[in-house]
>>> print(open('final34.cif').read())   # mmCIF, C-alpha atoms and all ligand atoms
data_entry
loop_
_atom_site.label_atom_id
_atom_site.label_comp_id
_atom_site.auth_asym_id
_atom_site.auth_seq_id
_atom_site.Cartn_x
_atom_site.Cartn_y
_atom_site.Cartn_z
CA MET A 1 102.01 -161.93 215.41
CA THR A 2 100.61 -161.62 218.91
CA ILE A 3 102.56 -159.07 220.93
CA VAL A 4 103.82 -160.00 224.38
CA ILE A 5 103.57 -157.34 227.08
CA ALA A 6 105.64 -157.91 230.22
CA HIS A 7 103.13 -157.32 233.01
CA ARG A 8 104.99 -155.26 235.66
CA GLY A 9 108.20 -156.55 234.04
CA ALA A 10 109.18 -160.21 234.38
CA SER A 11 107.10 -160.26 237.57
CA GLY A 12 106.80 -164.06 237.62
CA TYR A 13 110.50 -164.20 238.48
CA LEU A 14 111.49 -160.94 240.20
CA PRO A 15 109.68 -158.37 242.38
CA GLU A 16 107.25 -156.46 240.16
CA HIS A 17 108.17 -153.10 238.63
CA THR A 18 111.84 -153.20 239.64
CA LEU A 19 114.48 -152.31 237.06
CA SER A 20 115.75 -155.87 237.42
CA ALA A 21 112.32 -157.18 236.42
CA ALA A 22 112.25 -154.82 233.43
CA ALA A 23 115.74 -155.89 232.33
CA LEU A 24 114.86 -159.58 232.61
CA ALA A 25 111.65 -159.06 230.61
CA TYR A 26 113.70 -157.28 227.97
CA GLY A 27 116.21 -160.14 227.85
CA MET A 28 113.39 -162.68 227.56
CA GLY A 29 112.17 -160.99 224.39
CA ALA A 30 109.13 -158.94 225.44
CA ASP A 31 107.71 -156.64 222.76
CA PHE A 32 106.52 -154.14 225.38
CA ILE A 33 107.29 -153.61 229.06
CA GLU A 34 104.60 -152.26 231.37
CA GLN A 35 104.97 -149.33 233.76
CA ASP A 36 102.22 -148.51 236.25
CA ILE A 37 102.58 -144.88 237.29
CA VAL A 38 101.83 -143.13 240.57
CA LEU A 39 102.99 -139.66 241.62
CA SER A 40 105.34 -138.80 244.51
CA LYS A 41 104.80 -135.80 246.82
CA ASP A 42 107.25 -133.82 244.68
CA ASP A 43 105.36 -134.74 241.49
CA CYS A 44 107.77 -137.35 240.17
CA PRO A 45 106.11 -140.17 238.17
CA ILE A 46 107.34 -143.40 239.72
CA VAL A 47 106.79 -147.00 238.65
CA LEU A 48 104.61 -148.79 241.20
CA HIS A 49 101.29 -150.60 240.96
CA ASP A 50 99.49 -149.31 244.05
CA ILE A 51 98.83 -145.83 245.41
CA HIS A 52 99.96 -147.44 248.69
CA LEU A 53 103.47 -148.65 249.53
CA ASP A 54 102.43 -151.25 252.09
CA GLN A 55 102.37 -154.50 250.13
CA VAL A 56 105.62 -154.26 248.15
CA THR A 57 108.04 -152.26 250.33
CA ASN A 58 109.47 -152.05 253.87
CA VAL A 59 107.89 -148.60 254.42
CA ALA A 60 106.35 -149.57 257.78
CA GLU A 61 109.83 -150.31 259.09
CA ILE A 62 111.59 -147.22 257.65
CA PHE A 63 108.85 -144.62 258.24
CA PRO A 64 106.70 -146.12 261.03
CA GLN A 65 104.76 -142.92 261.80
CA ARG A 66 103.93 -141.85 258.27
CA ASN A 67 100.74 -143.83 257.57
CA ARG A 68 97.36 -142.14 257.20
CA ASP A 69 94.40 -142.78 259.51
CA ASP A 70 93.24 -145.65 257.31
CA GLY A 71 96.47 -147.50 258.14
CA HIS A 72 98.03 -147.13 254.66
CA TRP A 73 101.30 -145.50 253.64
CA TYR A 74 100.58 -143.46 250.49
CA VAL A 75 103.16 -142.85 247.76
CA ARG A 76 101.79 -139.31 247.48
CA ASP A 77 102.94 -138.52 251.05
CA PHE A 78 106.63 -139.21 250.27
CA GLU A 79 109.22 -137.30 248.28
CA LEU A 80 111.33 -139.16 245.77
CA LEU A 81 114.43 -139.11 248.01
CA GLU A 82 112.40 -140.79 250.75
CA LEU A 83 110.92 -143.36 248.37
CA LYS A 84 114.48 -144.21 247.32
CA GLN A 85 115.27 -145.25 250.90
CA LEU A 86 112.76 -148.09 250.65
CA GLU A 87 113.45 -151.65 249.57
CA VAL A 88 111.00 -153.38 247.25
CA HIS A 89 110.10 -157.01 247.79
CA GLU A 90 107.69 -159.58 246.37
CA ARG A 91 104.04 -158.59 246.77
CA GLY A 92 102.68 -159.54 250.18
CA ASN A 93 99.10 -160.29 251.16
CA SER A 94 97.20 -157.27 252.51
CA ASP A 95 96.82 -158.94 255.94
CA GLY A 96 100.60 -159.26 256.28
CA SER A 97 100.49 -163.06 256.12
CA GLY A 98 103.36 -163.44 253.63
CA PRO A 99 103.81 -163.47 249.86
CA VAL A 100 100.93 -163.66 247.37
CA PHE A 101 102.98 -166.10 245.24
CA PRO A 102 105.25 -168.07 247.62
CA GLN A 103 106.89 -170.00 244.76
CA ARG A 104 108.19 -166.80 243.13
CA PHE A 105 111.29 -164.77 244.11
CA PRO A 106 112.03 -165.27 247.84
CA TYR A 107 110.01 -162.84 249.95
CA GLU A 108 112.02 -159.98 251.44
CA ARG A 109 115.26 -161.08 249.78
CA GLY A 110 117.34 -159.12 247.33
CA HIS A 111 117.96 -155.39 247.15
CA PHE A 112 115.56 -153.57 244.89
CA GLN A 113 114.44 -149.94 244.66
CA ILE A 114 111.37 -148.17 243.31
CA PRO A 115 112.32 -146.80 239.87
CA THR A 116 111.15 -143.51 238.41
CA LEU A 117 109.54 -143.53 234.99
CA GLN A 118 112.65 -141.73 233.70
CA GLU A 119 114.96 -144.43 235.07
CA GLU A 120 112.93 -147.16 233.43
CA ILE A 121 112.89 -145.31 230.10
CA ASP A 122 116.68 -144.88 230.37
CA LEU A 123 117.00 -148.64 230.82
CA ILE A 124 114.69 -149.60 227.94
CA GLN A 125 116.02 -146.99 225.50
CA GLY A 126 119.60 -147.87 226.52
CA LEU A 127 118.94 -151.54 225.80
CA ASN A 128 117.27 -150.61 222.51
CA HIS A 129 120.51 -148.82 221.62
CA SER A 130 122.85 -151.63 222.69
CA THR A 131 120.81 -154.51 221.25
CA GLY A 132 119.38 -152.88 218.12
CA ARG A 133 115.91 -154.05 219.12
CA ASN A 134 112.95 -151.72 219.61
CA VAL A 135 111.04 -152.67 222.74
CA GLY A 136 108.15 -150.38 223.59
CA LEU A 137 106.67 -148.83 226.72
CA TYR A 138 103.20 -149.80 227.92
CA THR A 139 102.48 -147.11 230.49
CA GLU A 140 99.44 -146.93 232.78
CA ILE A 141 98.11 -143.86 234.56
CA LYS A 142 96.94 -145.26 237.91
CA LYS A 143 93.79 -143.94 239.58
CA PRO A 144 93.65 -140.47 238.00
CA ASP A 145 90.42 -139.62 239.86
CA TRP A 146 92.15 -140.28 243.19
CA HIS A 147 95.27 -138.34 242.17
CA ASN A 148 93.18 -135.41 240.94
CA LYS A 149 91.30 -135.27 244.26
CA GLU A 150 94.69 -135.08 245.99
CA GLY A 151 95.66 -132.18 243.71
CA ALA A 152 98.21 -134.40 241.99
CA GLU A 153 98.41 -133.85 238.22
CA ILE A 154 99.51 -137.37 237.38
CA THR A 155 98.67 -137.22 233.69
CA LEU A 156 100.37 -133.87 233.12
CA HIS A 157 103.63 -135.02 234.72
CA THR A 158 103.58 -138.42 233.06
CA LEU A 159 103.00 -136.95 229.60
CA ASP A 160 105.83 -134.46 230.28
CA VAL A 161 108.34 -137.24 231.01
CA LEU A 162 107.17 -139.21 227.97
CA LYS A 163 107.50 -136.15 225.73
CA GLN A 164 111.00 -135.38 227.04
CA ASN A 165 111.93 -138.88 225.90
CA ASN A 166 110.36 -138.51 222.45
CA TYR A 167 107.13 -140.38 223.05
CA GLU A 168 104.51 -138.06 221.59
CA ALA A 169 103.52 -139.23 218.10
CA GLU A 170 100.90 -141.75 217.07
CA SER A 171 103.64 -143.93 215.58
CA ASP A 172 105.92 -143.95 218.66
CA ASN A 173 106.56 -147.31 220.24
CA ILE A 174 104.28 -146.95 223.23
CA PHE A 175 100.75 -147.60 224.40
CA LEU A 176 99.24 -145.43 227.13
CA GLN A 177 96.61 -147.29 229.16
CA CYS A 178 94.07 -146.36 231.82
CA PHE A 179 90.95 -147.83 233.42
CA ASP A 180 89.35 -144.37 233.57
CA SER A 181 87.57 -143.34 230.34
CA THR A 182 87.20 -139.73 231.50
CA GLU A 183 90.97 -139.40 231.83
CA LEU A 184 91.63 -141.08 228.47
CA LYS A 185 89.26 -138.62 226.78
CA ARG A 186 91.03 -135.79 228.61
CA ILE A 187 94.39 -137.05 227.33
CA ARG A 188 93.04 -137.03 223.78
CA ASN A 189 90.92 -133.87 223.85
CA ASP A 190 92.45 -131.55 226.46
CA PHE A 191 96.10 -132.59 226.44
CA LYS A 192 95.85 -133.14 222.65
CA SER A 193 98.05 -136.20 222.96
CA LYS A 194 98.41 -138.34 219.84
CA LEU A 195 99.77 -141.38 221.71
CA PRO A 196 97.97 -144.69 221.08
CA LEU A 197 95.52 -145.11 223.99
CA ILE A 198 94.21 -148.35 225.46
CA GLN A 199 91.00 -148.51 227.49
CA LEU A 200 91.44 -151.04 230.27
CA ILE A 201 88.30 -152.95 231.23
CA GLY A 202 88.02 -154.58 234.65
CA LYS A 203 85.25 -155.55 237.04
CA ASN A 204 83.08 -152.88 238.64
CA SER A 205 83.84 -154.42 242.05
CA TRP A 206 87.55 -153.51 241.77
CA ASN A 207 86.82 -149.76 242.15
CA GLU A 208 89.57 -148.98 239.64
CA SER A 209 87.60 -146.11 238.11
CA PRO A 210 84.10 -144.56 238.20
CA ASP A 211 83.29 -146.29 234.86
CA ASP A 212 80.67 -148.98 234.34
CA PHE A 213 82.71 -151.79 232.78
CA ARG A 214 79.61 -153.84 231.96
CA LYS A 215 78.43 -151.12 229.59
CA MET A 216 81.91 -150.85 228.14
CA SER A 217 81.96 -154.55 227.22
CA THR A 218 79.08 -154.19 224.75
CA ASP A 219 79.05 -153.35 221.04
CA ARG A 220 77.90 -149.84 221.90
CA GLY A 221 80.63 -149.58 224.53
CA CYS A 222 83.32 -150.58 222.02
CA LYS A 223 81.93 -148.08 219.51
CA ASP A 224 82.33 -145.31 222.11
CA ILE A 225 85.86 -146.43 223.02
CA ALA A 226 86.89 -146.33 219.34
CA GLN A 227 86.28 -142.56 219.41
CA TYR A 228 89.32 -141.99 221.66
CA ALA A 229 91.36 -145.22 221.94
CA VAL A 230 93.05 -147.65 219.56
CA GLY A 231 92.31 -150.71 221.64
CA ILE A 232 91.05 -152.37 224.79
CA GLY A 233 92.82 -154.20 227.60
CA PRO A 234 90.15 -156.30 229.31
CA THR A 235 90.53 -158.82 232.08
CA MET A 236 90.84 -162.21 230.36
CA ASP A 237 87.72 -163.77 231.88
CA LEU A 238 85.49 -161.36 229.92
CA PHE A 239 86.34 -163.40 226.79
CA TYR A 240 85.01 -166.84 227.65
CA THR A 241 82.35 -168.81 229.42
CA ALA A 242 83.20 -172.21 230.78
CA SER A 243 81.00 -175.26 230.52
CA ILE A 244 81.44 -177.75 233.33
CA VAL A 245 79.32 -180.32 231.49
CA ASN A 246 81.63 -180.93 228.54
CA ASN A 247 84.72 -179.31 230.07
CA SER A 248 85.14 -176.66 227.39
CA VAL A 249 85.27 -172.89 226.97
CA SER A 250 83.28 -170.81 224.48
CA PRO A 251 83.98 -167.23 223.46
CA THR A 252 81.77 -164.35 224.61
CA ASN A 253 80.88 -161.62 222.09
CA LEU A 254 83.49 -159.16 223.34
CA MET A 255 86.14 -160.05 220.73
CA GLN A 256 83.59 -159.55 217.95
CA TYR A 257 82.40 -156.24 219.40
CA ALA A 258 86.00 -154.98 219.56
CA LYS A 259 86.72 -156.06 215.99
CA ASN A 260 83.48 -154.46 214.74
CA HIS A 261 85.10 -151.17 215.70
CA ASN A 262 88.70 -152.01 214.71
CA LEU A 263 89.98 -152.02 218.27
CA LEU A 264 93.17 -153.85 219.23
CA VAL A 265 92.60 -156.45 221.94
CA HIS A 266 95.23 -156.96 224.68
CA PRO A 267 93.78 -159.00 227.58
CA PHE A 268 95.42 -159.42 231.01
CA THR A 269 96.87 -161.20 233.04
CA PHE A 270 98.38 -164.50 231.91
CA ARG A 271 100.14 -166.32 234.74
CA ALA A 272 101.71 -169.74 234.29
CA ASP A 273 101.47 -170.32 238.05
CA SER A 274 97.82 -169.31 238.34
CA VAL A 275 95.79 -170.85 235.51
CA PRO A 276 91.99 -170.53 235.77
CA LEU A 277 90.23 -173.85 236.34
CA SER A 278 88.49 -173.55 232.97
CA PHE A 279 91.79 -174.42 231.26
CA ARG A 280 93.74 -177.64 231.76
CA SER A 281 97.14 -175.97 231.43
CA TYR A 282 98.90 -172.69 230.67
CA GLU A 283 99.67 -174.02 227.21
CA GLU A 284 95.99 -174.71 226.52
CA MET A 285 95.02 -171.25 227.72
CA ILE A 286 97.61 -169.45 225.58
CA ARG A 287 96.67 -171.55 222.53
CA TRP A 288 92.98 -170.75 223.00
CA PHE A 289 93.55 -166.99 223.24
CA VAL A 290 96.16 -166.82 220.46
CA THR A 291 94.96 -169.40 217.92
CA ASP A 292 91.20 -169.61 218.51
CA LEU A 293 90.31 -166.13 219.74
CA ARG A 294 93.19 -164.40 217.89
CA VAL A 295 93.94 -161.60 220.33
CA ASP A 296 96.44 -158.94 219.20
CA GLY A 297 98.56 -159.16 222.33
CA LEU A 298 98.54 -160.22 225.94
CA PHE A 299 99.89 -159.16 229.31
CA THR A 300 101.88 -161.84 231.07
CA ASP A 301 104.03 -162.30 234.19
CA PHE A 302 105.90 -165.06 232.28
CA VAL A 303 107.32 -163.59 229.09
CA ASP A 304 109.65 -166.49 228.23
CA GLN A 305 107.08 -169.30 228.49
CA THR A 306 104.45 -167.23 226.70
CA ILE A 307 106.72 -166.43 223.74
CA ASP A 308 107.67 -170.12 223.43
CA LEU A 309 104.00 -171.14 223.37
CA ILE A 310 103.05 -168.48 220.81
CA LYS A 311 105.90 -169.58 218.55
CA GLY A 312 104.76 -173.19 218.79
CA SER A 313 101.08 -172.49 218.16
CA CA A 401 98.86 -152.18 235.05
#
>>> encode(input="final34.cif", output="C-alpha cells")
Amino acid sequence: MTIVIAHRGASGYLPEHTLSAAALAYGMGADFIEQDIVLSKDDCPIVLHDIHLDQVTNVAEIFPQRNRDDGHWYVRDFELLELKQLEVHERGNSDGSGPVFPQRFPYERGHFQIPTLQEEIDLIQGLNHSTGRNVGLYTEIKKPDWHNKEGAEITLHTLDVLKQNNYEAESDNIFLQCFDSTELKRIRNDFKSKLPLIQLIGKNSWNESPDDFRKMSTDRGCKDIAQYAVGIGPTMDLFYTASIVNNSVSPTNLMQYAKNHNLLVHPFTFRADSVPLSFRSYEEMIRWFVTDLRVDGLFTDFVDQTIDLIKGS
C-alpha cells in the first residue's frame, strides 16, 4: 500500500507545521507526518520550513529591529522563548503581496505558534497512545551546510531529541530526510545512526544543498545513494515527461533506476489545488503515480483526498 506523508502537516487546510496542522493530518489518517527542522539560537530543534521567519510569522511586527543586513529575520538569531512570542500564519509571498494559496486557511487569522520537535513528538506519540494507531515521524534536517557555517549543530541536536523519544533503531517508525548527501553520510558514518534515511532530490536551481541533483537522478546516482539511504524523495516532475501532441505523460527512467538499487520512492509534493498542467485532474495525477508508476509513498498537503483516491485506485 502506498504510504501517505502529510507534507508540513495538513498544510492544505491549516498553516503549515503548526500543531493544529499535525493533529488534523493525524485525524485524516496520514501514515507519517513531516517535520522540517531548524535550530534556534539556544540550540532547540523547532519545526519550521525556512531558516527565515519572514514568510510564515509576524516577526517583523514583534521584533522590528532584529533582521540581518539582507532584510531577513533568521530563526537562528532568536531564542525559543522569543520564537514562542510569534504567531504563525499561512505562507505569504516573499514580496509581501499576500498569501501563496489564497483559497487556503484565511491569511493572518487564527492563533498558532511555532512548535518544537519535542512538542510535535509529544502530540504524535500521545495520539498513538490514545488511538492505538502508529503514525510515524518524517523528519527533515534543513540546510545543514548553512547551519554548520553558523556553528549550529543541527543534526546533533535533532538526533538527540529523537533518541530521547526512542527513535534510534532501523525498525523505528520514522524516516530522516535531507537534501544534502554529505550530511546524510555523516549521519550514517560519523553519528552511527541506524535510522532509515531518505535522500531528497530537488532542482539544482533551488540551492537546497551543494549536491548535483542531475547526477543523483541517474542509475549511478541511485547506486551511490543506496550505500547510505533506504530511499529517495524526489520532486514529482523528475518522474514524467509530458507530450503536448497526444496529451499524455510518459515515465522517465528514475523509477527504474531507484528500483534497480532497491530504493524506496517517495515523491513530493502533491497538491489538489495546484495540479501540473500535464494532468487533467488531481485524481488522474494520483492514479498515474500510484497505479502506473507504483511509488512507495507520496508527500501531500491534502491527506484526506489523497487517501480516498489511493483507496479507490
Ligand atoms: Ca520538507
>>> residues_around(input="final34.cif", residues="stretch 164-173 of chain A", least_positions_apart="6", cutoff="12 Å", atoms="only C-alpha atoms", output="MDAnalysis selection string")
chainID A and resid 31:33 117:122 124:126 128 133:139 157:158 187:188 191:197 229:230
>>> residues_near_ligand(input="final34.cif", ligand="ligand CA 401 (chain A)", cutoff="8 Å", atoms="all atoms listed in the file", output="compact mmCIF listing (two decimals) with C-alpha atoms, keeping the file's coordinate frame")
# COMPACT_ATOMS: atom_id res chain seq x y z
CA HIS A 7 103.13 -157.32 233.01
CA ARG A 8 104.99 -155.26 235.66
CA GLU A 34 104.60 -152.26 231.37
CA GLN A 35 104.97 -149.33 233.76
CA ASP A 36 102.22 -148.51 236.25
CA HIS A 49 101.29 -150.60 240.96
CA THR A 139 102.48 -147.11 230.49
CA GLU A 140 99.44 -146.93 232.78
CA LYS A 142 96.94 -145.26 237.91
CA GLN A 177 96.61 -147.29 229.16
>>> atom_distance(input="final34.cif", atom1="atom CA of A:Ser278", atom2="atom CA of A:Ser11")
23.3 Å
>>> closest_atom_pairs(input="final34.cif", of="stretch 103-181 of chain A", to="stretch 198-212 of chain A", cutoff="7 Å", atoms="only C-alpha atoms", output="CSV")
residue,atom,partner,partner_atom,distance
A:Lys143,CA,A:Glu208,CA,6.6
A:Phe175,CA,A:Ile198,CA,6.7
A:Leu176,CA,A:Ile198,CA,6.1
A:Gln177,CA,A:Ile198,CA,4.5
A:Cys178,CA,A:Leu200,CA,5.6
A:Phe179,CA,A:Leu200,CA,4.5
A:Asp180,CA,A:Ser209,CA,5.2
A:Ser181,CA,A:Gln199,CA,6.8
>>> closest_atom_pairs(input="final34.cif", of="stretch 100-189 of chain A", to="stretch 14-24 of chain A", cutoff="9 Å", atoms="only C-alpha atoms", output="CSV")
residue,atom,partner,partner_atom,distance
A:Arg104,CA,A:Leu14,CA,7.3
A:Phe105,CA,A:Leu14,CA,5.5
A:Pro106,CA,A:Leu14,CA,8.8
A:Tyr107,CA,A:Pro15,CA,8.8
A:Phe112,CA,A:Thr18,CA,6.4
A:Gln113,CA,A:Thr18,CA,6.5
A:Ile114,CA,A:Thr18,CA,6.2
A:Pro115,CA,A:Thr18,CA,6.4
A:Glu119,CA,A:Leu19,CA,8.1
A:Glu120,CA,A:Leu19,CA,6.5
A:Leu123,CA,A:Ala23,CA,7.5
A:Ile124,CA,A:Ala23,CA,7.7
A:Leu127,CA,A:Ala23,CA,8.5
>>> atom_distance(input="final34.cif", atom1="atom CA of A:Phe299", atom2="atom CA of A:Gly27")
16.4 Å
